Structure formats: C-alpha cells, structure tokens
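Participant: The file below is structure-v3.txt, compact mmCIF, C-alpha atoms:
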```txt
# COMPACT_ATOMS: atom_id res chain seq x y z
CA ARG A 27 -51.56 -77.25 132.65
CA GLN A 28 -50.33 -73.83 131.56
CA THR A 29 -47.15 -75.48 130.31
CA GLY A 30 -48.92 -77.38 127.53
CA GLY A 31 -49.71 -80.67 129.23
CA ASN A 32 -53.51 -80.58 128.88
CA CYS A 33 -53.88 -83.31 126.24
CA PRO A 34 -51.56 -85.86 127.88
CA TYR A 35 -53.01 -85.02 131.30
CA ARG A 36 -56.60 -85.54 130.15
CA HIS A 37 -55.64 -88.75 128.36
CA LEU A 38 -53.89 -90.05 131.47
CA LEU A 39 -56.87 -89.25 133.72
CA TYR A 40 -59.87 -90.02 131.55
CA ILE A 41 -58.84 -92.43 128.80
CA SER A 42 -56.08 -94.62 130.22
CA SER A 43 -56.94 -97.60 132.36
CA ALA A 44 -55.74 -97.71 135.97
CA ARG A 45 -53.03 -100.19 134.94
CA GLU A 46 -51.86 -97.95 132.05
CA ARG A 47 -51.74 -94.92 134.39
CA TRP A 48 -49.69 -96.88 136.91
CA GLU A 49 -47.25 -98.09 134.22
CA ILE A 50 -46.85 -94.59 132.76
CA LEU A 51 -46.32 -92.96 136.14
CA ARG A 52 -43.88 -95.69 137.21
CA PHE A 53 -41.92 -95.18 133.98
CA ILE A 54 -41.81 -91.39 134.44
CA ALA A 55 -40.78 -91.73 138.10
CA GLY A 56 -37.81 -93.85 137.01
CA LEU A 57 -36.44 -91.30 134.55
CA PRO A 58 -33.44 -89.16 135.55
CA ASP A 59 -34.05 -85.43 136.04
CA HIS A 60 -30.53 -84.54 134.90
CA LEU A 61 -27.66 -86.16 133.03
CA GLU A 62 -23.91 -85.76 132.86
CA VAL A 63 -22.65 -86.31 129.32
CA THR A 64 -19.06 -86.31 128.11
CA VAL A 65 -18.50 -85.47 124.45
CA GLY A 66 -14.86 -85.39 123.38
CA ASP A 67 -13.03 -83.55 126.14
CA ARG A 68 -16.06 -81.54 127.31
CA ILE A 69 -18.49 -82.40 130.10
CA PHE A 70 -22.11 -81.25 129.88
CA HIS A 71 -24.71 -81.14 132.63
CA LEU A 72 -28.15 -81.50 131.03
CA VAL A 73 -31.15 -80.44 133.11
CA HIS A 74 -34.63 -79.15 132.35
CA GLY A 75 -34.75 -76.19 134.76
CA MET A 76 -31.56 -75.45 136.72
CA PRO A 77 -28.93 -77.51 138.53
CA SER A 78 -29.80 -77.99 142.18
CA GLU A 79 -29.76 -80.53 144.98
CA ASP A 80 -33.56 -80.12 145.06
CA PRO A 81 -35.35 -82.21 142.39
CA HIS A 82 -38.21 -79.68 142.19
CA ARG A 83 -35.77 -76.89 141.35
CA ARG A 84 -34.06 -79.07 138.70
CA ILE A 85 -37.40 -79.25 136.90
CA TRP A 86 -38.98 -75.83 137.55
CA ASP A 87 -36.26 -73.23 138.28
CA ARG A 88 -35.12 -70.82 135.59
CA PRO A 89 -31.78 -69.16 134.87
CA GLY A 90 -31.50 -65.41 134.81
CA PRO A 91 -29.54 -63.44 132.23
CA ASP A 92 -26.79 -62.77 134.79
CA CYS A 93 -26.68 -66.34 136.11
CA ILE A 94 -23.16 -67.52 136.93
CA ALA A 95 -21.90 -70.95 135.87
CA PRO A 96 -22.95 -73.48 138.50
CA PHE A 97 -20.04 -75.81 137.62
CA PRO A 98 -16.53 -74.58 136.80
CA ASP A 99 -15.60 -77.79 134.95
CA ARG A 100 -18.66 -78.38 132.77
CA THR A 101 -21.22 -76.58 130.65
CA THR A 102 -24.81 -76.62 131.85
CA ILE A 103 -27.51 -76.94 129.20
CA VAL A 104 -31.06 -76.06 130.20
CA GLY A 105 -34.48 -75.72 128.64
CA HIS A 106 -37.76 -74.66 130.29
CA THR A 107 -37.08 -70.93 129.91
CA PRO A 108 -37.68 -69.50 126.43
CA THR A 109 -34.53 -67.62 125.48
CA CYS A 110 -36.43 -64.36 124.86
CA PHE A 111 -36.73 -64.01 128.65
CA LEU A 112 -32.93 -64.06 128.92
CA THR A 113 -32.24 -61.71 126.01
CA GLY A 114 -35.16 -59.37 126.65
CA ARG A 115 -35.93 -59.43 122.91
CA MET A 116 -39.55 -60.57 122.72
CA ASP A 117 -40.08 -59.53 119.10
CA GLU A 118 -37.30 -61.52 117.41
CA ILE A 119 -36.99 -65.13 116.28
CA LEU A 120 -35.65 -67.09 119.25
CA SER A 121 -32.11 -68.46 119.20
CA ILE A 122 -30.00 -70.54 121.57
CA TRP A 123 -28.72 -68.38 124.43
CA HIS A 124 -25.11 -68.63 125.63
CA GLY A 125 -24.38 -67.37 129.12
CA ASP A 126 -21.54 -67.84 131.60
CA GLY A 127 -21.22 -71.63 131.55
CA ILE A 128 -24.95 -72.01 130.88
CA ILE A 129 -26.65 -72.57 127.53
CA ASP A 130 -30.43 -72.35 127.15
CA ILE A 131 -31.82 -74.23 124.15
CA ASP A 132 -35.54 -73.44 124.70
CA CYS A 133 -36.52 -71.47 121.62
CA GLY A 134 -40.20 -71.57 122.45
CA CYS A 135 -41.35 -74.34 120.10
CA GLY A 136 -44.15 -75.25 122.53
CA ASN A 137 -45.43 -71.68 122.75
CA PRO A 138 -47.94 -69.96 120.47
CA SER A 139 -45.53 -67.12 119.58
CA GLU A 140 -44.76 -66.49 115.92
CA HIS A 141 -41.11 -66.20 116.96
CA ARG A 142 -40.85 -69.78 118.18
CA ARG A 143 -38.79 -72.59 116.70
CA LEU A 144 -37.21 -75.87 117.68
CA ALA A 145 -33.51 -75.64 118.49
CA CYS A 146 -30.89 -78.38 118.42
CA LEU A 147 -27.35 -78.03 119.71
CA ARG A 148 -24.88 -80.63 118.44
CA LEU A 149 -22.49 -81.15 121.35
CA ASP A 150 -19.47 -82.47 119.47
CA ASP A 151 -18.94 -79.16 117.61
CA MET A 152 -21.56 -76.87 119.22
CA ALA A 153 -23.30 -76.33 115.86
CA GLU A 154 -26.81 -74.93 116.14
CA PHE A 155 -29.78 -76.07 114.05
CA TYR A 156 -33.32 -74.71 113.95
CA VAL A 157 -36.66 -75.90 112.61
CA GLY A 158 -39.71 -73.68 112.27
CA GLY A 159 -40.23 -69.99 112.80
CA VAL A 160 -40.10 -67.60 109.89
CA GLY A 161 -39.61 -69.50 106.67
CA GLU A 162 -40.35 -72.84 108.41
CA GLY A 163 -36.94 -74.21 107.36
CA THR A 164 -33.65 -75.08 108.98
CA SER A 165 -30.66 -72.81 109.43
```
Can the structure in the file be given as structure tokens, please?
Facilitator:
Amino acid sequence: RQTGGNCPYRHLLYISSARERWEILRFIAGLPDHLEVTVGDRIFHLVHGMPSEDPHRRIWDRPGPDCIAPFPDRTTIVGHTPTCFLTGRMDEILSIWHGDGIIDIDCGCGNPSEHRRLACLRLDDMAEFYVGGVGEGTS
C-alpha cells in the first residue's frame, strides 16, 4: 500500500460486507484501463502508467525523460509518475511535464512533499491549472 491505498484497502477488507466487496471489485474490474478521446482535431490516449498491450504495464509502467512518443497520430497523457522524476528537479513545485508526444500530469498531489499540487490539463486548449502547493491557490 505504498501508493496510498491503505485506507480504502483496510475498509474493503475489514469493514465492507462480502457482498459490498464483490460489488466494488466487480465495478473496478469493469473499468477501462485506458481511453482514446478526441477533442477538436486532436486525439489523446489517456492511461495511468504507459501505453502497452499488457494491462499490468498500462497501470504500473512509468515514462522516462527521454521516452519517445508511442503513437505518431495522438498525444499520450499519463499519470502515476510524479513529474519531478522526469525533470530531475526534486526541490521545485511540480508542474505538468511535456515530452515527445507524452504529457505527464502527475504533480504529486498524493505525496507528502511540500512541492506537490493537483494538476488539470484542459484538452480543448491545453491550458494548465493547479491547486495546492505554495500559496494553496490556483494558477
């Protein structure tokens, strides 16, 4: 549970009834692990970890700073990897990272770092919005 799932995990195991656990797990199993979204004339591939044929890799893999665009005709948007690991700047407020056809929007909001904040990328105009971090406001 290093990734922050302790409370939901404990609730699922020790508080939920067997029927509630089954319904929750059935719901989660039915969710997609990636999406293709068209906004205007752009196509986006949304995935938690990294695009792959392997579902485990779609959830848990991480891009590297030199990662090459996996799709020539669409932009891949990932999370899971705080952007400081791609920029190498551990002591700055995190911002959305733009690579070669890959955008990472994980600005560490689930981490205990003082540099964390929640990031939002509006796909119709690629505007970036942030909540939290220094000043606890939006920018």
Participant: Counting all atoms listed in the file, which of A:Asp117, A:Arg88, A:Ile129, A:Ser78 gets nearest to Thr101 of chain A?
Facilitator: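 Residue with the minimum atom-to-atom distance to Thr101 of chain A: A:Ile129.
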Participant: Just give me the gap between atom CA of Arg100 of chain A and atom CA of Gly56 of chain A in Å, one decimal is fine.
Facilitator: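 Computed distance, atom CA of Arg100 of chain A to atom CA of Gly56 of chain A, equals 25.0 Å.
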Participant: Which one of A:Val157, A:Leu72, A:Leu39, A:Val104 sits closest to Leu120 of chain A if you count all atoms listed in the file?
Facilitator: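 Answer, going by the shortest atom-to-atom distance: A:Val157.
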Participant: Excluding Thr113 of chain A and any residue of its chain fewer than 3 positions from it, enumerate the residues within 10 Å of it, using all atoms listed in the file, and give them as a VMD selection string.
Facilitator: chain A and resid 90 to 91 108 to 110 116 118 120 to 121 123 to 124
Participant: Write out the residues from the selection above, keeping C-alpha atoms, as a compact mmCIF listing (two decimals), in the coordinates of the input.
Facilitator:
```txt
# COMPACT_ATOMS: atom_id res chain seq x y z
CA GLY A 90 -31.50 -65.41 134.81
CA PRO A 91 -29.54 -63.44 132.23
CA PRO A 108 -37.68 -69.50 126.43
CA THR A 109 -34.53 -67.62 125.48
CA CYS A 110 -36.43 -64.36 124.86
CA MET A 116 -39.55 -60.57 122.72
CA GLU A 118 -37.30 -61.52 117.41
CA LEU A 120 -35.65 -67.09 119.25
CA SER A 121 -32.11 -68.46 119.20
CA TRP A 123 -28.72 -68.38 124.43
CA HIS A 124 -25.11 -68.63 125.63
```
Participant: Quote the spacing between atom CA of Val73 of chain A and atom CA of Asp59 of chain A in Å to one decimal place.
Facilitator: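 Value for the atom CA of Val73 of chain A-atom CA of Asp59 of chain A distance: 6.5 Å.
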Participant: For Arg143 of chain A, find every residue with an atom within 7 Å (counting all atoms listed in the file), except residues of its own chain fewer than 5 positions away, and show them as a list of chain:residue names.
Facilitator: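 Residues meeting the cut-off are A:Leu120, A:Cys133, A:Gly134, A:Cys135, A:Tyr156, A:Val157, A:Gly158, A:Gly159.
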Participant: So that I can see what lies close to Met76 of chain A, please list as number ranges by chain the residues with an atom at most 7 Å from it, counting all atoms listed in the file and leaving out residues fewer than 6 positions away in the same chain.
Facilitator: A: 83-85, 87-89, 104
Participant: To one decimal place in Å, what is the distance between atom CA of Cys93 of chain A and atom CA of His71 of chain A?
Facilitator: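 Atom-to-atom, atom CA of Cys93 of chain A and atom CA of His71 of chain A are spaced 15.3 Å apart.
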Participant: I'd like to know which of A:Glu154, A:Glu79, A:Glu49, A:Asp99 is closest to Thr64 of chain A, using all atoms listed in the file.
Facilitator: A:Asp99
Participant: List the neighbours of Ile103 of chain A out to 12 Å using only C-alpha atoms; skip same-chain residues closer than 2 positions along the sequence, and give me the result as JSON, numbers by chain.
Facilitator: {"A": [60, 61, 62, 63, 69, 70, 71, 72, 73, 74, 75, 76, 77, 84, 88, 89, 95, 96, 97, 100, 101, 105, 106, 107, 122, 123, 124, 125, 126, 127, 128, 129, 130, 131, 132, 146, 147, 148, 149, 152]}
Participant: Can you take segment 139-156 of chain A from the block and write N, CA and C atoms as a PDB file, in the first residue's frame?
Facilitator:
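Just written: result29.pdb:
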```pdb
ATOM      1  N   SER A 139       5.153  15.427  -0.163  1.00  0.00           N
ATOM      2  CA  SER A 139       6.098  16.506  -0.479  1.00  0.00           C
ATOM      3  C   SER A 139       5.449  17.886  -0.386  1.00  0.00           C
ATOM      4  N   GLU A 140       6.195  18.853   0.076  1.00  0.00           N
ATOM      5  CA  GLU A 140       5.703  20.239   0.113  1.00  0.00           C
ATOM      6  C   GLU A 140       5.610  20.835  -1.284  1.00  0.00           C
ATOM      7  N   HIS A 141       6.145  20.160  -2.275  1.00  0.00           N
ATOM      8  CA  HIS A 141       6.148  20.653  -3.652  1.00  0.00           C
ATOM      9  C   HIS A 141       4.981  20.104  -4.479  1.00  0.00           C
ATOM     10  N   ARG A 142       4.123  19.353  -3.841  1.00  0.00           N
ATOM     11  CA  ARG A 142       3.014  18.710  -4.548  1.00  0.00           C
ATOM     12  C   ARG A 142       1.887  19.694  -4.850  1.00  0.00           C
ATOM     13  N   ARG A 143       1.097  19.336  -5.856  1.00  0.00           N
ATOM     14  CA  ARG A 143      -0.145  20.040  -6.143  1.00  0.00           C
ATOM     15  C   ARG A 143      -0.942  19.223  -7.146  1.00  0.00           C
ATOM     16  N   LEU A 144      -2.218  19.522  -7.236  1.00  0.00           N
ATOM     17  CA  LEU A 144      -3.099  18.856  -8.182  1.00  0.00           C
ATOM     18  C   LEU A 144      -3.036  19.607  -9.503  1.00  0.00           C
ATOM     19  N   ALA A 145      -2.848  18.871 -10.583  1.00  0.00           N
ATOM     20  CA  ALA A 145      -2.774  19.482 -11.911  1.00  0.00           C
ATOM     21  C   ALA A 145      -3.985  19.090 -12.735  1.00  0.00           C
ATOM     22  N   CYS A 146      -4.421  20.004 -13.578  1.00  0.00           N
ATOM     23  CA  CYS A 146      -5.509  19.747 -14.514  1.00  0.00           C
ATOM     24  C   CYS A 146      -5.098  20.302 -15.872  1.00  0.00           C
ATOM     25  N   LEU A 147      -5.265  19.505 -16.895  1.00  0.00           N
ATOM     26  CA  LEU A 147      -4.937  19.915 -18.257  1.00  0.00           C
ATOM     27  C   LEU A 147      -6.238  19.932 -19.055  1.00  0.00           C
ATOM     28  N   ARG A 148      -6.635  21.119 -19.493  1.00  0.00           N
ATOM     29  CA  ARG A 148      -7.857  21.247 -20.304  1.00  0.00           C
ATOM     30  C   ARG A 148      -7.493  20.920 -21.746  1.00  0.00           C
ATOM     31  N   LEU A 149      -8.079  19.857 -22.275  1.00  0.00           N
ATOM     32  CA  LEU A 149      -7.660  19.331 -23.571  1.00  0.00           C
ATOM     33  C   LEU A 149      -8.069  20.180 -24.759  1.00  0.00           C
ATOM     34  N   ASP A 150      -9.123  20.977 -24.659  1.00  0.00           N
ATOM     35  CA  ASP A 150      -9.529  21.741 -25.843  1.00  0.00           C
ATOM     36  C   ASP A 150      -8.559  22.858 -26.182  1.00  0.00           C
ATOM     37  N   ASP A 151      -7.835  23.404 -25.191  1.00  0.00           N
ATOM     38  CA  ASP A 151      -6.852  24.455 -25.481  1.00  0.00           C
ATOM     39  C   ASP A 151      -5.505  24.228 -24.786  1.00  0.00           C
ATOM     40  N   MET A 152      -5.360  23.081 -24.117  1.00  0.00           N
ATOM     41  CA  MET A 152      -4.128  22.681 -23.427  1.00  0.00           C
ATOM     42  C   MET A 152      -3.749  23.629 -22.281  1.00  0.00           C
ATOM     43  N   ALA A 153      -4.720  24.365 -21.753  1.00  0.00           N
ATOM     44  CA  ALA A 153      -4.458  25.245 -20.607  1.00  0.00           C
ATOM     45  C   ALA A 153      -4.215  24.391 -19.371  1.00  0.00           C
ATOM     46  N   GLU A 154      -3.280  24.835 -18.537  1.00  0.00           N
ATOM     47  CA  GLU A 154      -2.918  24.126 -17.319  1.00  0.00           C
ATOM     48  C   GLU A 154      -3.454  24.876 -16.106  1.00  0.00           C
ATOM     49  N   PHE A 155      -3.974  24.117 -15.144  1.00  0.00           N
ATOM     50  CA  PHE A 155      -4.488  24.670 -13.901  1.00  0.00           C
ATOM     51  C   PHE A 155      -3.925  23.859 -12.742  1.00  0.00           C
ATOM     52  N   TYR A 156      -3.688  24.532 -11.621  1.00  0.00           N
ATOM     53  CA  TYR A 156      -3.094  23.878 -10.454  1.00  0.00           C
ATOM     54  C   TYR A 156      -3.842  24.285  -9.190  1.00  0.00           C
TER      55      TYR A 156
END
```
